[in-house]
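For reference, coords.csv is printed below; it contains CSV, C-alpha atoms.
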```csv
chain,number,residue,atom,x,y,z
D,1,MET,CA,10.7,9.7,24.0
D,2,THR,CA,12.1,6.2,24.3
D,3,SER,CA,12.8,3.9,21.4
D,4,GLU,CA,9.9,1.8,22.5
D,5,ALA,CA,7.5,4.7,22.2
D,6,LYS,CA,8.9,5.6,18.8
D,7,LEU,CA,8.3,2.2,17.3
D,8,PRO,CA,4.6,2.7,16.5
D,9,LEU,CA,5.3,6.1,15.0
D,10,LEU,CA,8.1,4.7,12.8
D,11,LEU,CA,5.9,1.7,11.7
D,12,ALA,CA,3.0,4.1,10.9
D,13,PHE,CA,5.3,6.4,9.0
D,14,LEU,CA,6.9,3.6,6.9
D,15,GLY,CA,3.5,2.0,6.3
D,16,SER,CA,2.1,5.3,5.1
D,17,VAL,CA,5.0,5.9,2.8
D,18,VAL,CA,4.9,2.4,1.3
D,19,THR,CA,1.1,2.5,0.9
D,20,ALA,CA,1.3,5.9,-0.8
D,21,LEU,CA,4.1,4.7,-3.1
D,22,ALA,CA,2.0,1.5,-3.9
D,23,LEU,CA,-1.0,3.6,-4.8
D,24,GLY,CA,1.1,5.9,-6.9
D,25,TRP,CA,2.7,3.0,-8.7
D,26,TRP,CA,-0.7,1.4,-9.3
D,27,TRP,CA,-2.1,4.7,-10.7
D,28,LEU,CA,1.0,5.2,-12.9
D,29,ILE,CA,0.4,1.8,-14.6
D,30,PHE,CA,-3.4,1.4,-14.6
D,31,GLY,CA,-4.2,5.1,-15.0
D,32,LYS,CA,-2.7,5.0,-18.4
D,33,VAL,CA,-4.7,1.9,-19.4
D,34,VAL,CA,-7.9,3.4,-18.1
D,35,GLU,CA,-7.1,6.7,-19.8
D,36,SER,CA,-6.7,4.8,-23.1
D,37,GLY,CA,-10.2,3.3,-22.6
D,38,TYR,CA,-9.2,-0.4,-22.3
D,39,ILE,CA,-10.6,-0.9,-18.8
D,40,THR,CA,-12.4,1.1,-16.1
D,41,TYR,CA,-11.2,2.1,-12.7
D,42,ALA,CA,-13.7,-0.4,-11.2
D,43,GLN,CA,-12.1,-3.1,-13.2
D,44,ALA,CA,-8.6,-2.0,-12.3
D,45,ALA,CA,-9.3,-1.6,-8.6
D,46,PRO,CA,-8.8,-5.3,-7.7
D,47,CYS,CA,-5.3,-5.1,-9.2
D,48,LEU,CA,-4.3,-3.0,-6.2
D,49,ALA,CA,-4.3,-6.0,-4.0
D,50,GLY,CA,-3.9,-9.0,-6.3
D,51,THR,CA,-3.3,-10.2,-9.8
D,52,SER,CA,-5.7,-11.7,-12.3
D,53,ASP,CA,-5.7,-12.3,-16.0
D,54,LEU,CA,-7.3,-8.9,-16.5
D,55,CYS,CA,-4.6,-7.2,-14.4
D,56,ARG,CA,-1.9,-8.9,-16.5
D,57,LEU,CA,-3.6,-7.9,-19.7
D,58,ALA,CA,-3.9,-4.3,-18.5
D,59,GLU,CA,-0.2,-4.3,-17.6
D,60,ALA,CA,0.6,-5.6,-21.1
D,61,LEU,CA,-1.5,-2.8,-22.6
D,62,CYS,CA,0.4,-0.2,-20.5
D,63,THR,CA,2.6,2.0,-22.6
D,64,ASN,CA,5.8,3.2,-21.1
D,65,ASP,CA,5.4,6.8,-22.2
D,66,HIS,CA,5.7,8.1,-18.7
D,67,PHE,CA,8.8,9.3,-16.9
D,68,PHE,CA,9.7,6.1,-15.1
D,69,GLY,CA,9.1,3.6,-18.0
D,70,ILE,CA,7.6,1.0,-15.7
D,71,ARG,CA,5.1,-1.4,-17.2
D,72,TRP,CA,4.1,-3.6,-14.3
D,73,TYR,CA,2.7,-3.3,-10.8
D,74,ALA,CA,3.4,-5.5,-7.8
D,75,PRO,CA,0.4,-5.7,-5.4
D,76,GLU,CA,2.8,-7.0,-2.7
D,77,ALA,CA,3.8,-3.4,-2.2
D,78,LEU,CA,0.3,-2.5,-1.0
D,79,TRP,CA,0.3,-5.5,1.3
D,80,VAL,CA,3.6,-4.5,2.9
D,81,GLY,CA,2.3,-1.0,3.5
D,82,ALA,CA,-0.9,-2.5,5.1
D,83,ALA,CA,1.1,-4.9,7.2
D,84,LEU,CA,3.3,-2.0,8.5
D,85,LEU,CA,0.2,0.0,9.4
D,86,ALA,CA,-1.4,-2.9,11.1
D,87,ALA,CA,1.8,-3.6,13.1
D,88,ALA,CA,1.8,0.0,14.2
D,89,LEU,CA,-1.8,-0.2,15.3
D,90,LEU,CA,-1.3,-3.5,17.1
D,91,ASN,CA,1.9,-2.2,18.8
D,92,LEU,CA,0.1,0.9,20.0
D,93,THR,CA,-2.9,-1.0,21.1
D,94,VAL,CA,-0.9,-3.5,23.1
D,95,ARG,CA,1.2,-0.8,24.7
D,96,THR,CA,-1.9,1.2,25.6
D,97,GLY,CA,-3.4,-1.9,27.1
D,98,VAL,CA,-0.3,-2.7,29.2
D,99,ARG,CA,-0.1,0.9,30.4
D,100,SER,CA,-3.8,1.0,31.5
D,101,THR,CA,-3.3,-2.4,33.3
D,102,ASP,CA,-0.3,-1.0,35.1
D,103,GLN,CA,-2.1,2.1,36.2
D,104,SER,CA,-5.1,0.2,37.6
D,105,ARG,CA,-2.9,-1.7,40.1
```
Let me see whether you can do it: turn the structure in this file into structure tokens.
Amino acid sequence: MTSEAKLPLLLAFLGSVVTALALGWWWLIFGKVVESGYITYAQAAPCLAGTSDLCRLAEALCTNDHFFGIRWYAPEALWVGAALLAAALLNLTVRTGVRSTDQSR
């Protein structure tokens, strides 16, 4: 397998890892706040991809009684994961399109 063929796999792997870490990070912060009854998961869900006053309030209400002691979440992490997954899909799509064009000649 050439390095060119490995690129979409690498991008997809990295995108999956970053996205999973972002989801875990979000759950670590907002799960505690939801568990305490301050907000619901429906109210916390938009905080996955952006920030608002409610997100900042929820982060302020987060206790650091978990292993990592983190009290804030960066939605940019989810966007980086999504961008890596999109790049993998785009790379694979372009490569497949080029390959099928070459075979039709």
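When all atoms listed in the file are used to compute distances to Lys6 of chain D, the closest of the residues D:Ala88, D:Ala49, D:Ala58, D:Val34 turns out to be D:Ala88.
Atom CA of Leu28 of chain D to atom CA of Leu9 of chain D spans 28.2 Å [interatomic distance, one decimal].
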Please identify all polymer residues within 9 Å of Leu23 of chain D, counting only C-alpha atoms, omitting same-chain residues fewer than 6 positions from it, and present them as a ChimeraX atom specification. /D:48,77-78
Taking all atoms listed in the file into account, which of D:Thr63, D:Leu92, D:Glu76, D:Ala20 comes nearest Cys47 of chain D? D:Glu76
From the list D:Ala86, D:Tyr38, D:Arg95, D:Ala22, the nearest residue to Leu61 of chain D using only C-alpha atoms is D:Tyr38
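Minimum atom-to-atom distances from D:Ala44, D:Thr96, D:Leu90, D:Leu84 to Ile29 of chain D were compared using all atoms listed in the file, and the lowest value belongs to D:Ala44.
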Save segment 43-88 of chain D of the structure in the block above to a file, with N, CA and C atoms included, as a tab-separated table (two decimals), in the first residue's frame.
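Below is the file that was written, selection04.tsv:
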```tsv
chain	number	residue	atom	x	y	z
D	43	GLN	N	-30.30	20.78	26.27
D	43	GLN	CA	-29.74	22.12	26.40
D	43	GLN	C	-28.22	22.11	26.26
D	44	ALA	N	-27.60	21.02	26.65
D	44	ALA	CA	-26.13	20.92	26.59
D	44	ALA	C	-25.63	20.51	25.21
D	45	ALA	N	-26.48	19.88	24.40
D	45	ALA	CA	-26.05	19.38	23.09
D	45	ALA	C	-25.45	20.46	22.18
D	46	PRO	N	-26.03	21.66	22.10
D	46	PRO	CA	-25.42	22.68	21.23
D	46	PRO	C	-24.00	23.07	21.65
D	47	CYS	N	-23.66	22.80	22.90
D	47	CYS	CA	-22.32	23.14	23.39
D	47	CYS	C	-21.25	22.23	22.79
D	48	LEU	N	-21.66	21.14	22.15
D	48	LEU	CA	-20.71	20.27	21.45
D	48	LEU	C	-20.00	21.02	20.33
D	49	ALA	N	-20.75	21.88	19.62
D	49	ALA	CA	-20.22	22.51	18.42
D	49	ALA	C	-20.00	24.01	18.56
D	50	GLY	N	-20.38	24.60	19.67
D	50	GLY	CA	-20.23	26.04	19.82
D	50	GLY	C	-20.36	26.46	21.27
D	51	THR	N	-20.24	27.74	21.48
D	51	THR	CA	-20.38	28.27	22.83
D	51	THR	C	-21.52	29.27	22.86
D	52	SER	N	-22.13	29.37	23.99
D	52	SER	CA	-23.18	30.34	24.23
D	52	SER	C	-23.11	30.72	25.71
D	53	ASP	N	-23.96	31.64	26.10
D	53	ASP	CA	-23.99	32.01	27.52
D	53	ASP	C	-24.37	30.81	28.38
D	54	LEU	N	-25.31	29.99	27.89
D	54	LEU	CA	-25.72	28.80	28.64
D	54	LEU	C	-24.55	27.82	28.78
D	55	CYS	N	-23.78	27.67	27.72
D	55	CYS	CA	-22.61	26.77	27.77
D	55	CYS	C	-21.59	27.26	28.78
D	56	ARG	N	-21.33	28.56	28.75
D	56	ARG	CA	-20.37	29.12	29.71
D	56	ARG	C	-20.87	29.00	31.14
D	57	LEU	N	-22.19	29.19	31.33
D	57	LEU	CA	-22.77	29.03	32.66
D	57	LEU	C	-22.63	27.58	33.13
D	58	ALA	N	-22.93	26.65	32.23
D	58	ALA	CA	-22.82	25.23	32.58
D	58	ALA	C	-21.38	24.86	32.92
D	59	GLU	N	-20.43	25.40	32.18
D	59	GLU	CA	-19.02	25.14	32.49
D	59	GLU	C	-18.65	25.70	33.85
D	60	ALA	N	-19.20	26.87	34.18
D	60	ALA	CA	-18.92	27.47	35.49
D	60	ALA	C	-19.52	26.63	36.62
D	61	LEU	N	-20.63	25.95	36.33
D	61	LEU	CA	-21.28	25.11	37.34
D	61	LEU	C	-20.63	23.74	37.47
D	62	CYS	N	-19.76	23.41	36.53
D	62	CYS	CA	-19.10	22.10	36.57
D	62	CYS	C	-18.16	22.03	37.76
D	63	THR	N	-18.29	20.96	38.50
D	63	THR	CA	-17.34	20.73	39.60
D	63	THR	C	-16.16	19.95	39.05
D	64	ASN	N	-15.03	20.10	39.64
D	64	ASN	CA	-13.87	19.36	39.15
D	64	ASN	C	-13.61	18.14	40.04
D	65	ASP	N	-14.70	17.44	40.39
D	65	ASP	CA	-14.56	16.26	41.24
D	65	ASP	C	-14.33	14.98	40.43
D	66	HIS	N	-13.90	15.13	39.18
D	66	HIS	CA	-13.57	13.97	38.37
D	66	HIS	C	-12.05	13.85	38.26
D	67	PHE	N	-11.62	12.78	37.70
D	67	PHE	CA	-10.20	12.42	37.66
D	67	PHE	C	-9.31	13.49	37.04
D	68	PHE	N	-9.76	14.10	35.94
D	68	PHE	CA	-8.91	15.04	35.21
D	68	PHE	C	-8.93	16.45	35.77
D	69	GLY	N	-9.97	16.83	36.50
D	69	GLY	CA	-10.06	18.16	37.06
D	69	GLY	C	-10.32	19.26	36.04
D	70	ILE	N	-10.80	18.91	34.87
D	70	ILE	CA	-11.07	19.88	33.80
D	70	ILE	C	-12.44	20.50	34.03
D	71	ARG	N	-12.54	21.83	33.85
D	71	ARG	CA	-13.82	22.51	34.07
D	71	ARG	C	-14.32	23.23	32.82
D	72	TRP	N	-13.71	23.06	31.69
D	72	TRP	CA	-14.14	23.74	30.47
D	72	TRP	C	-14.02	22.79	29.28
D	73	TYR	N	-14.72	23.13	28.22
D	73	TYR	CA	-14.74	22.32	27.00
D	73	TYR	C	-14.50	23.24	25.82
D	74	ALA	N	-13.71	22.80	24.85
D	74	ALA	CA	-13.43	23.57	23.64
D	74	ALA	C	-14.12	22.90	22.45
D	75	PRO	N	-15.18	23.52	21.90
D	75	PRO	CA	-15.88	22.92	20.76
D	75	PRO	C	-15.01	22.81	19.51
D	76	GLU	N	-13.92	23.53	19.47
D	76	GLU	CA	-13.01	23.43	18.32
D	76	GLU	C	-12.49	22.01	18.15
D	77	ALA	N	-12.41	21.27	19.23
D	77	ALA	CA	-11.94	19.88	19.15
D	77	ALA	C	-12.87	19.05	18.27
D	78	LEU	N	-14.17	19.23	18.43
D	78	LEU	CA	-15.12	18.50	17.59
D	78	LEU	C	-14.99	18.92	16.13
D	79	TRP	N	-14.78	20.22	15.90
D	79	TRP	CA	-14.64	20.72	14.53
D	79	TRP	C	-13.38	20.18	13.86
D	80	VAL	N	-12.30	20.06	14.62
D	80	VAL	CA	-11.06	19.49	14.07
D	80	VAL	C	-11.30	18.03	13.67
D	81	GLY	N	-11.96	17.28	14.54
D	81	GLY	CA	-12.27	15.88	14.23
D	81	GLY	C	-13.15	15.77	12.99
D	82	ALA	N	-14.16	16.63	12.90
D	82	ALA	CA	-15.05	16.61	11.74
D	82	ALA	C	-14.31	16.99	10.47
D	83	ALA	N	-13.40	17.96	10.57
D	83	ALA	CA	-12.62	18.37	9.40
D	83	ALA	C	-11.71	17.25	8.92
D	84	LEU	N	-11.10	16.53	9.85
D	84	LEU	CA	-10.25	15.40	9.47
D	84	LEU	C	-11.06	14.30	8.79
D	85	LEU	N	-12.24	14.01	9.33
D	85	LEU	CA	-13.11	13.00	8.71
D	85	LEU	C	-13.57	13.45	7.32
D	86	ALA	N	-13.90	14.73	7.19
D	86	ALA	CA	-14.32	15.25	5.88
D	86	ALA	C	-13.16	15.20	4.89
D	87	ALA	N	-11.95	15.52	5.35
D	87	ALA	CA	-10.78	15.45	4.47
D	87	ALA	C	-10.52	14.02	4.01
D	88	ALA	N	-10.72	13.07	4.91
D	88	ALA	CA	-10.55	11.66	4.53
D	88	ALA	C	-11.57	11.26	3.47
```
